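A quick write-up on the structure given underneath.
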Amino acid sequence: MFLTPAERIADYQARGWWEGKSVDALFCKAVAERGDALALVDPLNRETLDGCAPERLSWTELDARVDTMAAALIELGLKRDDVVCAQLPNTVDAVILFLAVARLGLIISPIVMQYREHELGHILSLTDARAFVTVPAFHGHDYAAMAAGLIAERPGMMLLTIGAAAQGTDLRALAASADPASVAPWCAAHPVAGGEVLTICWTSGTEARPKGVPRDHNHWLLNAKVVVWGTGMQPGDVLLNPFPLVNIASIGGLMLPWIEVRGTMVLHHPFDLGVFLKQIEAERVTYTIAPPAVLTALLKQPQIAASVDLSSLRAIGSGSAPLTPWLIEGWADSHGIEICNIFGSNEGMALMSSPVDVPDRAERAHYFPRFGAEGVEWDSPVSAVMRTRLVDPETGAIITEPGQPGEMHIAGGTVISGYWRSPELNAASFDGEWFRTGDLFEIAGDGALSRFYRFVGRSKEIIVRGGVNISPAEIDELLVSLPNVREAASVGIPDADLGERIAVAVVVDDGVTPPDVAAVGAHLAGAGVAVFKRPERLVVLPALPRNAMNKVVRADLRAAVLAALES
């Protein structure tokens, strides 16, 4: 399936940004070069997660498993461009499925484990998925039963499970018996081009439901190069991946770079600091990613870091919340480990402030190189494959002077062409090749600082909790039916650990006892809403701030909520 315009594909290939190759071509090259070298390592605590013993696979063994998985998908009757939705924990099975889909020219739509019926029903309907792959159970939740209920409403969709379950087909067992000899003829008859869609990931914004972000093989392969260049990854690196393969942070930040550098990828799930540190020591990890809250906690509790050997670590990528010079300098001084400041998005944002480009650690905490900005030169190859500009949200004028906040617009080889089946949203979010990010930046200053951007805030209403985008409109829609409440609305409030947490403001009639935050959480749980979207603070207001169009003014609501919490 081609969604990127043919003229853009031709243009970017002529520029040398895209090579027109598939992810499988890169993977096969790595297999040929690395052979029996260690490629993939399961979470060391996997048995406690899903009852399966952790696996360690060489490149050759991984390639064989990809072939048998691909053979099973062929046997099930899946065809080119069929969408396979996958709700899987971060294990070797998720990687194998991803690579098998890439080999066959199918499309994979990975879904976070926290999503429940509310989000899943929307995604399955929007994608017209042919198959839904999940685990029988995980962390006490019956995923197979949940999926079976959703699929019962969608004739023609298959339920596939990684392991035996009361419902669905055991995909792991089917792969074990499938004939891998069927795969090569299939691939010869159905060659995959770089411009075809490989993934549909999901992200939230001001819209009421998750929106699909389709990315081509071309996008992912260039993204891998960008991350390798920007973070200074080296051939053979051992990468610790603590996040499920559901978005650009994990797929683009670690999985595709792992194939690019032909190293070892160590998987981790769910995040557990003790296990995470043990894996760094045991596997001699050289690069990983971690949120600022985790890095801050380790600096403030040095006895924890001192209990393990971190000497193999060369660098750590971090983002999702502002970094501080204290954090970056602390890790360099205490452990000799450099922190890369990363600002990314599923749509293609790729601002990176790395030790190579920004050796000054205080600058690295506060600023991002103006890669791809007109009239600004950087030696980094990243600057050559992307374009950035700041636009005044009110006038639409291009901002060229420091100190004036503007919306970041991005274009280039890592940026998607549009959201999945969302023409109205695309019209609002794209200006030709330029994507309107909704993030506010400014040129950092005069002189040497004019080469940098500084993050200011967001022009969109989205809540970012622990690096995950959450739509307040989606939550508000579900709060309408909250008992004994006249009106309610949600908003993000600052949090030192997660960047933001969700607060809800309710308005009740005189004499009515307002609900507490637990009751609101239970109401949303009853609607099948993911746990991370449920509010953690609640305030009662006499009225919600609204504009002349009767729309909630989110900035004023945030101020009112914060004032109520402080009183």
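Identifiers in this document derive from the order of the structure tokens: chains are assigned A, B, ..., residues are numbered from 1 separately in each chain, and ligands are numbered from 1 in order of occurrence.
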| task | Please provide the set of residues having any atom within 7 Å of A:Pro402, restricted to only C-alpha atoms, with same-chain residues fewer than 4 positions apart removed, written as a PyMOL selection string. | result | chain A and resi 442-446+450
| Where in stretch 44-204 of chain A does DSSP assign strand (DSSP E or B), given as an NGL selection string? | :A and (56-58 or 83-87 or 107-110 or 131-134 or 138 or 141 or 158-161 or 169-170 or 196-203)
| message | At a cut-off of 12 Å, using only C-alpha atoms, what residues contact A:Thr48? Leave out same-chain residues fewer than 5 positions from it and give the result as a ChimeraX atom specification. | response | /A:43,53-54,137-140,269-270
| Among stretch 303-468 of chain A, which ones does DSSP place in helix (DSSP H, G or I), written as a VMD selection string? | chain A and resid 303 to 306 325 to 335 361 to 366 381 to 385 423 to 429 447 to 451
Please, could you write that set of residues out with N, CA, C and O atoms as a short mmCIF file (atom, residue, chain, number, x, y, z; two decimals), in the first residue's frame?
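Okay, out_37.cif is ready:
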data_model
loop_
_atom_site.label_atom_id
_atom_site.label_comp_id
_atom_site.auth_asym_id
_atom_site.auth_seq_id
_atom_site.Cartn_x
_atom_site.Cartn_y
_atom_site.Cartn_z
N GLN A 303 23.22 5.20 46.04
CA GLN A 303 23.46 3.84 46.51
C GLN A 303 22.84 2.81 45.58
O GLN A 303 23.33 1.67 45.49
N ILE A 304 21.77 3.19 44.88
CA ILE A 304 21.12 2.24 43.96
C ILE A 304 22.02 1.97 42.77
O ILE A 304 22.29 0.82 42.41
N ALA A 305 22.51 3.05 42.14
CA ALA A 305 23.40 2.89 40.99
C ALA A 305 24.70 2.22 41.39
O ALA A 305 25.30 1.47 40.61
N ALA A 306 25.16 2.49 42.61
CA ALA A 306 26.42 1.91 43.06
C ALA A 306 26.34 0.41 43.28
O ALA A 306 27.36 -0.28 43.33
N PRO A 325 20.58 20.91 33.37
CA PRO A 325 22.04 20.77 33.36
C PRO A 325 22.53 19.88 34.50
O PRO A 325 23.47 19.11 34.33
N TRP A 326 21.88 19.99 35.66
CA TRP A 326 22.27 19.16 36.80
C TRP A 326 22.19 17.69 36.46
O TRP A 326 23.07 16.90 36.82
N LEU A 327 21.15 17.31 35.75
CA LEU A 327 20.97 15.90 35.39
C LEU A 327 22.06 15.45 34.43
O LEU A 327 22.70 14.40 34.65
N ILE A 328 22.28 16.18 33.37
CA ILE A 328 23.26 15.78 32.36
C ILE A 328 24.67 15.81 32.94
O ILE A 328 25.47 14.88 32.73
N GLU A 329 25.00 16.86 33.68
CA GLU A 329 26.33 16.96 34.28
C GLU A 329 26.52 15.91 35.36
O GLU A 329 27.62 15.35 35.52
N GLY A 330 25.46 15.60 36.10
CA GLY A 330 25.56 14.60 37.16
C GLY A 330 25.90 13.23 36.63
O GLY A 330 26.74 12.51 37.20
N TRP A 331 25.27 12.83 35.52
CA TRP A 331 25.57 11.52 34.95
C TRP A 331 26.97 11.46 34.34
O TRP A 331 27.65 10.44 34.44
N ALA A 332 27.39 12.56 33.75
CA ALA A 332 28.74 12.59 33.18
C ALA A 332 29.80 12.56 34.29
O ALA A 332 30.79 11.82 34.20
N ASP A 333 29.59 13.33 35.35
CA ASP A 333 30.58 13.42 36.42
C ASP A 333 30.60 12.15 37.28
O ASP A 333 31.67 11.68 37.68
N SER A 334 29.42 11.60 37.57
CA SER A 334 29.35 10.46 38.48
C SER A 334 29.62 9.13 37.80
O SER A 334 30.17 8.20 38.42
N HIS A 335 29.24 9.01 36.53
CA HIS A 335 29.31 7.70 35.87
C HIS A 335 30.05 7.72 34.54
O HIS A 335 30.23 6.66 33.93
N ARG A 361 27.19 20.75 28.17
CA ARG A 361 26.09 20.01 28.79
C ARG A 361 24.93 20.91 29.21
O ARG A 361 23.77 20.49 29.18
N ALA A 362 25.23 22.14 29.62
CA ALA A 362 24.14 23.06 29.97
C ALA A 362 23.32 23.41 28.73
O ALA A 362 22.08 23.44 28.76
N GLU A 363 24.00 23.64 27.62
CA GLU A 363 23.29 23.92 26.36
C GLU A 363 22.49 22.70 25.92
O GLU A 363 21.37 22.82 25.41
N ARG A 364 23.06 21.52 26.11
CA ARG A 364 22.38 20.29 25.69
C ARG A 364 21.07 20.08 26.46
O ARG A 364 20.11 19.52 25.94
N ALA A 365 21.03 20.53 27.71
CA ALA A 365 19.82 20.38 28.51
C ALA A 365 18.72 21.32 28.04
O ALA A 365 17.53 20.96 28.07
N HIS A 366 19.10 22.52 27.62
CA HIS A 366 18.11 23.55 27.32
C HIS A 366 17.74 23.68 25.85
O HIS A 366 16.63 24.13 25.53
N PRO A 381 24.76 14.86 9.80
CA PRO A 381 23.94 14.36 8.67
C PRO A 381 22.44 14.50 8.92
O PRO A 381 21.66 14.54 7.97
N VAL A 382 22.04 14.58 10.19
CA VAL A 382 20.63 14.74 10.50
C VAL A 382 20.08 16.03 9.87
O VAL A 382 18.96 16.08 9.36
N SER A 383 20.90 17.07 9.90
CA SER A 383 20.46 18.37 9.37
C SER A 383 20.17 18.31 7.89
O SER A 383 19.39 19.12 7.37
N ALA A 384 20.79 17.37 7.18
CA ALA A 384 20.66 17.31 5.72
C ALA A 384 19.39 16.61 5.26
O ALA A 384 19.03 16.70 4.09
N VAL A 385 18.70 15.89 6.15
CA VAL A 385 17.55 15.09 5.71
C VAL A 385 16.23 15.60 6.29
O VAL A 385 15.20 14.92 6.17
N PRO A 423 -8.99 12.66 6.46
CA PRO A 423 -8.78 13.81 5.57
C PRO A 423 -8.96 15.16 6.25
O PRO A 423 -8.20 16.10 5.98
N GLU A 424 -9.95 15.28 7.14
CA GLU A 424 -10.16 16.56 7.81
C GLU A 424 -9.01 16.88 8.75
O GLU A 424 -8.54 18.03 8.82
N LEU A 425 -8.54 15.88 9.47
CA LEU A 425 -7.42 16.08 10.37
C LEU A 425 -6.16 16.42 9.58
O LEU A 425 -5.37 17.29 9.98
N ASN A 426 -5.97 15.78 8.44
CA ASN A 426 -4.81 16.07 7.61
C ASN A 426 -4.82 17.51 7.10
O ASN A 426 -3.79 18.18 7.04
N ALA A 427 -5.99 17.99 6.72
CA ALA A 427 -6.10 19.36 6.24
C ALA A 427 -5.71 20.36 7.32
O ALA A 427 -5.13 21.41 7.03
N ALA A 428 -5.98 20.02 8.57
CA ALA A 428 -5.65 20.92 9.68
C ALA A 428 -4.21 20.76 10.15
O ALA A 428 -3.65 21.69 10.74
N SER A 429 -3.61 19.60 9.87
CA SER A 429 -2.30 19.29 10.45
C SER A 429 -1.14 19.43 9.49
O SER A 429 0.02 19.47 9.91
N GLY A 447 23.67 35.66 18.26
CA GLY A 447 25.02 35.11 18.18
C GLY A 447 25.02 33.61 18.07
O GLY A 447 24.27 33.02 17.29
N ALA A 448 25.84 32.95 18.90
CA ALA A 448 25.97 31.49 18.84
C ALA A 448 24.66 30.79 19.17
O ALA A 448 24.35 29.72 18.64
N LEU A 449 23.85 31.40 20.04
CA LEU A 449 22.59 30.77 20.43
C LEU A 449 21.54 30.79 19.31
O LEU A 449 20.53 30.09 19.39
N SER A 450 21.77 31.58 18.28
CA SER A 450 20.81 31.63 17.18
C SER A 450 20.78 30.32 16.40
O SER A 450 19.89 30.11 15.57
N ARG A 451 21.72 29.43 16.65
CA ARG A 451 21.76 28.15 15.97
C ARG A 451 20.91 27.11 16.69
O ARG A 451 20.82 25.96 16.25
#
| message | List the spatial neighbours of A:Leu88 as a PyMOL selection string - criterion: any atom at most 9 Å away, only C-alpha atoms, same-chain residues fewer than 2 positions off excluded. | response | chain A and resi 86+90-91+93-94+110-113+133-135+162+244-245
Could those residues be written to a file, using N, CA and C atoms, as a PDB file, in the first residue's frame?
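What ended up in again-v9.pdb:
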ATOM      1  N   ALA A  86      -1.605  -5.809  16.674  1.00  0.00           N
ATOM      2  CA  ALA A  86      -0.863  -6.628  17.643  1.00  0.00           C
ATOM      3  C   ALA A  86      -0.800  -5.909  18.983  1.00  0.00           C
ATOM      4  N   ASN A  90       6.696  -6.763  25.430  1.00  0.00           N
ATOM      5  CA  ASN A  90       7.999  -6.582  24.792  1.00  0.00           C
ATOM      6  C   ASN A  90       8.838  -7.853  24.919  1.00  0.00           C
ATOM      7  N   THR A  91       8.512  -8.851  24.086  1.00  0.00           N
ATOM      8  CA  THR A  91       9.240 -10.120  24.090  1.00  0.00           C
ATOM      9  C   THR A  91       9.736 -10.428  22.685  1.00  0.00           C
ATOM     10  N   ASP A  93       8.747 -12.593  20.734  1.00  0.00           N
ATOM     11  CA  ASP A  93       7.628 -12.881  19.840  1.00  0.00           C
ATOM     12  C   ASP A  93       7.136 -11.622  19.137  1.00  0.00           C
ATOM     13  N   ALA A  94       7.125 -10.492  19.840  1.00  0.00           N
ATOM     14  CA  ALA A  94       6.697  -9.236  19.224  1.00  0.00           C
ATOM     15  C   ALA A  94       7.660  -8.826  18.117  1.00  0.00           C
ATOM     16  N   PRO A 110       0.776  -1.890  15.860  1.00  0.00           N
ATOM     17  CA  PRO A 110       1.035  -2.258  17.261  1.00  0.00           C
ATOM     18  C   PRO A 110       0.250  -1.377  18.224  1.00  0.00           C
ATOM     19  N   ILE A 111      -0.224  -1.978  19.306  1.00  0.00           N
ATOM     20  CA  ILE A 111      -1.125  -1.307  20.246  1.00  0.00           C
ATOM     21  C   ILE A 111      -0.580  -1.480  21.660  1.00  0.00           C
ATOM     22  N   VAL A 112      -0.616  -0.419  22.446  1.00  0.00           N
ATOM     23  CA  VAL A 112      -0.089  -0.494  23.807  1.00  0.00           C
ATOM     24  C   VAL A 112      -0.896  -1.487  24.640  1.00  0.00           C
ATOM     25  N   MET A 113      -0.239  -2.131  25.568  1.00  0.00           N
ATOM     26  CA  MET A 113      -0.887  -3.146  26.388  1.00  0.00           C
ATOM     27  C   MET A 113      -1.981  -2.564  27.273  1.00  0.00           C
ATOM     28  N   VAL A 133      -3.546  -9.994  16.987  1.00  0.00           N
ATOM     29  CA  VAL A 133      -2.618 -10.885  17.690  1.00  0.00           C
ATOM     30  C   VAL A 133      -2.415 -10.369  19.108  1.00  0.00           C
ATOM     31  N   THR A 134      -2.573 -11.249  20.077  1.00  0.00           N
ATOM     32  CA  THR A 134      -2.352 -10.857  21.459  1.00  0.00           C
ATOM     33  C   THR A 134      -1.881 -12.065  22.259  1.00  0.00           C
ATOM     34  N   VAL A 135      -1.720 -11.872  23.560  1.00  0.00           N
ATOM     35  CA  VAL A 135      -1.322 -12.967  24.451  1.00  0.00           C
ATOM     36  C   VAL A 135      -2.557 -13.472  25.191  1.00  0.00           C
ATOM     37  N   ILE A 162      -0.391 -15.645  21.056  1.00  0.00           N
ATOM     38  CA  ILE A 162       0.980 -16.142  21.242  1.00  0.00           C
ATOM     39  C   ILE A 162       0.949 -17.089  22.435  1.00  0.00           C
ATOM     40  N   PRO A 244       7.645  -1.184  24.939  1.00  0.00           N
ATOM     41  CA  PRO A 244       7.046  -2.056  23.927  1.00  0.00           C
ATOM     42  C   PRO A 244       7.163  -1.460  22.520  1.00  0.00           C
ATOM     43  N   LEU A 245       7.106  -2.331  21.519  1.00  0.00           N
ATOM     44  CA  LEU A 245       7.277  -1.903  20.129  1.00  0.00           C
ATOM     45  C   LEU A 245       5.972  -1.322  19.596  1.00  0.00           C
TER      46      LEU A 245
END
| message | If we count only C-alpha atoms and set the cut-off at 8 Å, which residues sit around stretch 313-323 of chain A, ignoring sequence neighbours fewer than 6 positions away in its own chain? Please answer as a count of residues only. | response | 26
| field | Best match for closeness to A:Leu104 among A:Glu487, A:Asp556, A:Asp24, A:Glu55, counting only C-alpha atoms | value |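 Using only C-alpha atoms, the shortest distance to A:Leu104 belongs to A:Asp24.
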| Distance query stretch 194-196 of chain A at most 6 Å, only C-alpha atoms, self and fewer than 6 positions along chain excluded, as a list in words |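 Returned residues: Met1, Phe2, Gly20, Lys21, Ser22, Asp216, His217 and Asn218 of chain A.
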Mind dumping the selected residues with all heavy atoms as a compact mmCIF listing (two decimals), in the first residue's frame?
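Here's the written file out_21.txt:
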# COMPACT_ATOMS: atom_id res chain seq x y z
N MET A 1 0.84 -1.19 0.00
CA MET A 1 0.00 0.00 0.00
C MET A 1 0.88 1.25 0.00
O MET A 1 1.75 1.40 0.86
CB MET A 1 -0.91 0.01 1.23
CG MET A 1 -1.84 1.21 1.31
SD MET A 1 -2.83 1.20 2.81
CE MET A 1 -3.82 -0.29 2.59
N PHE A 2 0.64 2.11 -0.97
CA PHE A 2 1.39 3.36 -1.06
C PHE A 2 0.49 4.52 -0.63
O PHE A 2 -0.57 4.73 -1.22
CB PHE A 2 1.86 3.59 -2.49
CG PHE A 2 2.91 2.62 -2.97
CD1 PHE A 2 2.55 1.41 -3.53
CD2 PHE A 2 4.26 2.91 -2.84
CE1 PHE A 2 3.50 0.52 -3.98
CE2 PHE A 2 5.23 2.02 -3.27
CZ PHE A 2 4.85 0.82 -3.84
N GLY A 20 14.63 3.30 -1.13
CA GLY A 20 13.62 2.47 -1.75
C GLY A 20 13.67 1.02 -1.32
O GLY A 20 13.08 0.15 -1.98
N LYS A 21 14.38 0.72 -0.23
CA LYS A 21 14.52 -0.65 0.24
C LYS A 21 13.53 -0.94 1.36
O LYS A 21 12.97 -0.04 1.98
CB LYS A 21 15.95 -0.90 0.73
CG LYS A 21 17.01 -0.77 -0.36
CD LYS A 21 18.40 -1.01 0.22
CE LYS A 21 19.46 -0.87 -0.85
NZ LYS A 21 20.83 -1.05 -0.31
N SER A 22 13.35 -2.21 1.64
CA SER A 22 12.45 -2.63 2.72
C SER A 22 13.23 -2.87 4.01
O SER A 22 14.46 -3.06 3.99
CB SER A 22 11.71 -3.91 2.33
OG SER A 22 12.61 -5.01 2.31
N ASP A 216 6.07 4.39 6.24
CA ASP A 216 6.59 3.49 5.21
C ASP A 216 7.90 2.86 5.66
O ASP A 216 8.55 3.32 6.61
CB ASP A 216 6.84 4.25 3.91
CG ASP A 216 5.65 5.06 3.42
OD1 ASP A 216 4.53 4.81 3.91
OD2 ASP A 216 5.84 5.92 2.55
N HIS A 217 8.32 1.85 4.93
CA HIS A 217 9.67 1.29 5.13
C HIS A 217 10.72 2.39 4.99
O HIS A 217 11.68 2.45 5.77
CB HIS A 217 9.93 0.18 4.10
CG HIS A 217 9.11 -1.05 4.30
ND1 HIS A 217 9.61 -2.21 4.84
CD2 HIS A 217 7.80 -1.31 4.01
CE1 HIS A 217 8.66 -3.13 4.88
NE2 HIS A 217 7.55 -2.61 4.37
N ASN A 218 10.55 3.27 4.01
CA ASN A 218 11.49 4.37 3.81
C ASN A 218 11.62 5.23 5.05
O ASN A 218 12.73 5.62 5.45
CB ASN A 218 11.02 5.27 2.65
CG ASN A 218 11.35 4.70 1.28
OD1 ASN A 218 12.33 3.99 1.12
ND2 ASN A 218 10.53 5.03 0.30
| field | For A:Leu254: contacts at 9 Å, only C-alpha atoms, fewer than 6 positions along chain excluded, given as a list in words | value |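 Contacts, in chain order: Ala224, Val227, Leu239, Leu240, Asn241, Ile248, Met265, Thr288 and Ile289 of chain A.
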| said: With distances taken over only C-alpha atoms, which residue among A:Val275, A:Ala147, A:Ala176, A:Gln167 lies nearest A:Leu44? | reply: A:Val275
| said: Considering only C-alpha atoms, can you say which of A:Leu174, A:Leu295, A:Leu62, A:Leu541 comes closest to A:Ala37? | reply: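 Checking each of A:Leu174, A:Leu295, A:Leu62, A:Leu541 against A:Ala37, counting only C-alpha atoms, the winner is A:Leu62.
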| For A:Cys187, which residue out of A:Ala350, A:Ala282, A:Val101, A:Val504 is the nearest one, using only C-alpha atoms? |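 For A:Cys187, the nearest of the candidates is A:Val101.
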| field | Residue among A:Ala100, A:Ile108, A:Ala505, A:Ala145 lying closest to A:Gly212, counting only C-alpha atoms | value |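 Once distances to A:Gly212 are computed over only C-alpha atoms, the minimum belongs to A:Ile108.
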| task | Tell me which of A:Arg387, A:Arg454, A:Arg209, A:Arg370 sits closest to A:Gly403, counting only C-alpha atoms. | result |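 Among the listed residues, A:Arg454 lies closest to A:Gly403.
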| By how many Å are atom CA of A:Phe532 and atom CA of A:Asn346 apart? |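 Here the two named atoms are 18.7 Å from each other.
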| request: Rounded to one decimal place, report the atom CA of A:Leu171-atom CA of A:Trp420 distance in Å. | output: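 Distance between the two atoms: 27.3 Å.
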| Could you state the separation of atom CA of A:Leu78 and atom CA of A:Pro155 in Å, given to one decimal place? |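 Interatomic distance here is 15.1 Å.
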